[in-house]
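Take a look at the structure below.
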Amino acid sequence: MFDNARASAIEQALYDSATAGTPLTTPDALEGLTQRMGREYSIWYGDGSERTDQWINTIHYFTWPLYRVNYVYSKLLALKYFDLYQRDRGDFVRRYTALLSHGYDDQPDALLRRFMGFGLSGGTLVDDAVRVIEARTAELERLYAEDGARREAPAGTGG
């Protein structure tokens, strides 16, 4: 999700620079943009990064413009759906089935609000995704700690 968000942000910045009449056309300019935007999403980008020449990986900018942002939304929605399913399986299945069965007669945001109780705008989708990731990561860390404690327990103590 975060890597696709990074790539989408770089792509949008390229479009914005062209619209403003200052298109980025040199490798150094593209590399600078990639490093500046990349550090917002990853520790692997920024001043002194070993990940140089990553601007050449903006393939979708040239082949399928504005496509990468679809990945961001699909991953955010998948995490939201997973969370709703975990919270109340029956309610999620009922709402999601209604959404899919209804058809697409309105904007995606309106359909999601009507059938699922949330929309694409407002920032909560990202906050909710981060919350799910943090909760699942904490659960994984707890399981690792339990497993480590079991492995370190002396023989015959039930560990």
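Letters for chains follow the order of the structure tokens (A, B, ...), residue numbers begin at 1 for each chain, and ligand numbers begin at 1 in the order shown.
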Fill in: Distance query region 105-108 of chain A at most 12 Å, only C-alpha atoms, self and fewer than 4 positions along chain excluded, as a list in words
Tyr73, Leu77, Leu99, Leu100, Ser101, Leu112, Arg113, Arg114, Phe115, Met116, Phe118, Gly119, Leu120 and Ser121 of chain A
Would you save the residues of that selection, restricted to N, CA and C atoms, as an mmCIF file, in the first residue's frame?
```
data_model
loop_
_atom_site.group_PDB
_atom_site.id
_atom_site.type_symbol
_atom_site.label_atom_id
_atom_site.label_comp_id
_atom_site.auth_asym_id
_atom_site.auth_seq_id
_atom_site.Cartn_x
_atom_site.Cartn_y
_atom_site.Cartn_z
ATOM 1 N N TYR A 73 -6.083 2.382 -3.507
ATOM 2 C CA TYR A 73 -7.483 2.241 -3.080
ATOM 3 C C TYR A 73 -7.858 0.786 -2.845
ATOM 4 N N LEU A 77 -9.171 -0.513 0.715
ATOM 5 C CA LEU A 77 -10.479 -1.158 0.815
ATOM 6 C C LEU A 77 -10.365 -2.579 1.355
ATOM 7 N N LEU A 99 -24.009 -4.552 -1.735
ATOM 8 C CA LEU A 99 -23.236 -3.647 -2.594
ATOM 9 C C LEU A 99 -22.990 -4.282 -3.955
ATOM 10 N N LEU A 100 -22.502 -5.520 -3.955
ATOM 11 C CA LEU A 100 -22.181 -6.186 -5.221
ATOM 12 C C LEU A 100 -23.428 -6.512 -6.034
ATOM 13 N N SER A 101 -24.505 -6.840 -5.354
ATOM 14 C CA SER A 101 -25.747 -7.203 -6.042
ATOM 15 C C SER A 101 -26.470 -5.998 -6.627
ATOM 16 N N LEU A 112 -20.335 3.160 -1.598
ATOM 17 C CA LEU A 112 -19.716 2.677 -0.358
ATOM 18 C C LEU A 112 -20.420 3.254 0.869
ATOM 19 N N ARG A 113 -20.732 4.526 0.818
ATOM 20 C CA ARG A 113 -21.429 5.147 1.946
ATOM 21 C C ARG A 113 -22.813 4.514 2.150
ATOM 22 N N ARG A 114 -23.519 4.295 1.052
ATOM 23 C CA ARG A 114 -24.875 3.747 1.143
ATOM 24 C C ARG A 114 -24.881 2.313 1.677
ATOM 25 N N PHE A 115 -23.988 1.475 1.151
ATOM 26 C CA PHE A 115 -24.047 0.059 1.493
ATOM 27 C C PHE A 115 -23.082 -0.368 2.595
ATOM 28 N N MET A 116 -21.929 0.291 2.684
ATOM 29 C CA MET A 116 -20.910 -0.163 3.630
ATOM 30 C C MET A 116 -20.759 0.750 4.843
ATOM 31 N N PHE A 118 -19.167 3.717 4.942
ATOM 32 C CA PHE A 118 -17.960 4.550 4.893
ATOM 33 C C PHE A 118 -17.733 4.970 3.455
ATOM 34 N N GLY A 119 -16.895 5.971 3.274
ATOM 35 C CA GLY A 119 -16.598 6.452 1.932
ATOM 36 C C GLY A 119 -15.112 6.500 1.663
ATOM 37 N N LEU A 120 -14.776 6.934 0.468
ATOM 38 C CA LEU A 120 -13.376 7.024 0.055
ATOM 39 C C LEU A 120 -12.718 8.322 0.501
ATOM 40 N N SER A 121 -13.507 9.334 0.782
ATOM 41 C CA SER A 121 -12.942 10.631 1.128
ATOM 42 C C SER A 121 -13.001 10.856 2.633
#
```
Give me the residues within 10 Å of Pro65 (chain A) as a short mmCIF file (atom, residue, chain, number, x, y, z; two decimals) with N, CA, C and O atoms, in the first residue's frame, counting only C-alpha atoms and dropping any in the same chain fewer than 4 places off.
```
data_model
loop_
_atom_site.label_atom_id
_atom_site.label_comp_id
_atom_site.auth_asym_id
_atom_site.auth_seq_id
_atom_site.Cartn_x
_atom_site.Cartn_y
_atom_site.Cartn_z
N SER A 8 2.33 6.65 -6.70
CA SER A 8 1.22 7.51 -7.15
C SER A 8 1.51 8.97 -6.86
O SER A 8 1.19 9.84 -7.67
N GLU A 11 3.99 10.19 -9.41
CA GLU A 11 3.30 10.37 -10.70
C GLU A 11 2.49 11.66 -10.69
O GLU A 11 2.54 12.44 -11.64
N GLN A 12 1.75 11.91 -9.61
CA GLN A 12 0.95 13.13 -9.53
C GLN A 12 1.84 14.37 -9.56
O GLN A 12 1.51 15.36 -10.21
N TYR A 15 2.80 15.09 -13.10
CA TYR A 15 1.70 15.75 -13.82
C TYR A 15 1.58 17.21 -13.39
O TYR A 15 1.38 18.10 -14.23
N THR A 58 9.20 4.34 -12.53
CA THR A 58 7.86 4.92 -12.64
C THR A 58 7.25 4.51 -13.98
O THR A 58 6.73 5.33 -14.73
N ILE A 59 7.31 3.23 -14.25
CA ILE A 59 6.90 2.67 -15.54
C ILE A 59 5.44 3.01 -15.87
O ILE A 59 5.12 3.36 -16.99
N HIS A 60 4.57 2.91 -14.86
CA HIS A 60 3.15 3.17 -15.12
C HIS A 60 2.89 4.61 -15.57
O HIS A 60 1.90 4.87 -16.23
N TYR A 61 3.77 5.51 -15.20
CA TYR A 61 3.61 6.90 -15.64
C TYR A 61 3.59 6.98 -17.16
O TYR A 61 2.86 7.75 -17.75
N VAL A 69 -2.66 4.45 -8.58
CA VAL A 69 -3.54 4.89 -7.50
C VAL A 69 -4.66 3.87 -7.27
O VAL A 69 -5.16 3.73 -6.15
#
```
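Computed from the coordinates, the CA of Ser74 (chain A) to CA of Phe2 (chain A) distance equals 12.1 Å.
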Worksheet entry | Option closest in space to Ala135 (chain A), from A:Asp83, A:Asp88, A:Asp109, A:Asp147 [counting only C-alpha atoms] |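 So, comparing all the options, the nearest one is A:Asp83.
Using only C-alpha atoms, the smallest distance between any of A:Met1, A:Val72, A:Leu111, A:Ile133 and Arg95 (chain A) comes from A:Leu111.
Within 12 Å of region 39-56 of chain A there are A:Met1, A:Phe2, A:Asp3, A:Asn4, A:Ala5, A:Arg6, A:Ala7, A:Ser8, A:Ala9, A:Ile10, A:Glu11, A:Leu14, A:Leu24, A:Thr25, A:Thr26, A:Pro27, A:Asp28, A:Ala29, A:Leu30, A:Glu31, A:Gly32, A:Leu33, A:Thr34, A:Gln35, A:His60, A:Tyr61, A:Phe62, counting only C-alpha atoms and ignoring same-chain residues fewer than 4 positions away.
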Item to complete: Using backbone DSSP assignments, extract all alpha helix (DSSP H) residues from chain A; output them as a VMD selection string.
Response: chain A and resid 2 to 19 27 to 38 59 to 63 68 to 87 89 to 102 108 to 116 124 to 152
Fill in: For CA of Met37 (chain A) and CA of Ala20 (chain A), the interatomic separation in Å (one decimal)
17.9 Å
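When only C-alpha atoms are used to measure the gap to Asp127 (chain A), the shortest distance among A:Glu139, A:His102, A:Lys80, A:Ala149 belongs to A:Lys80.
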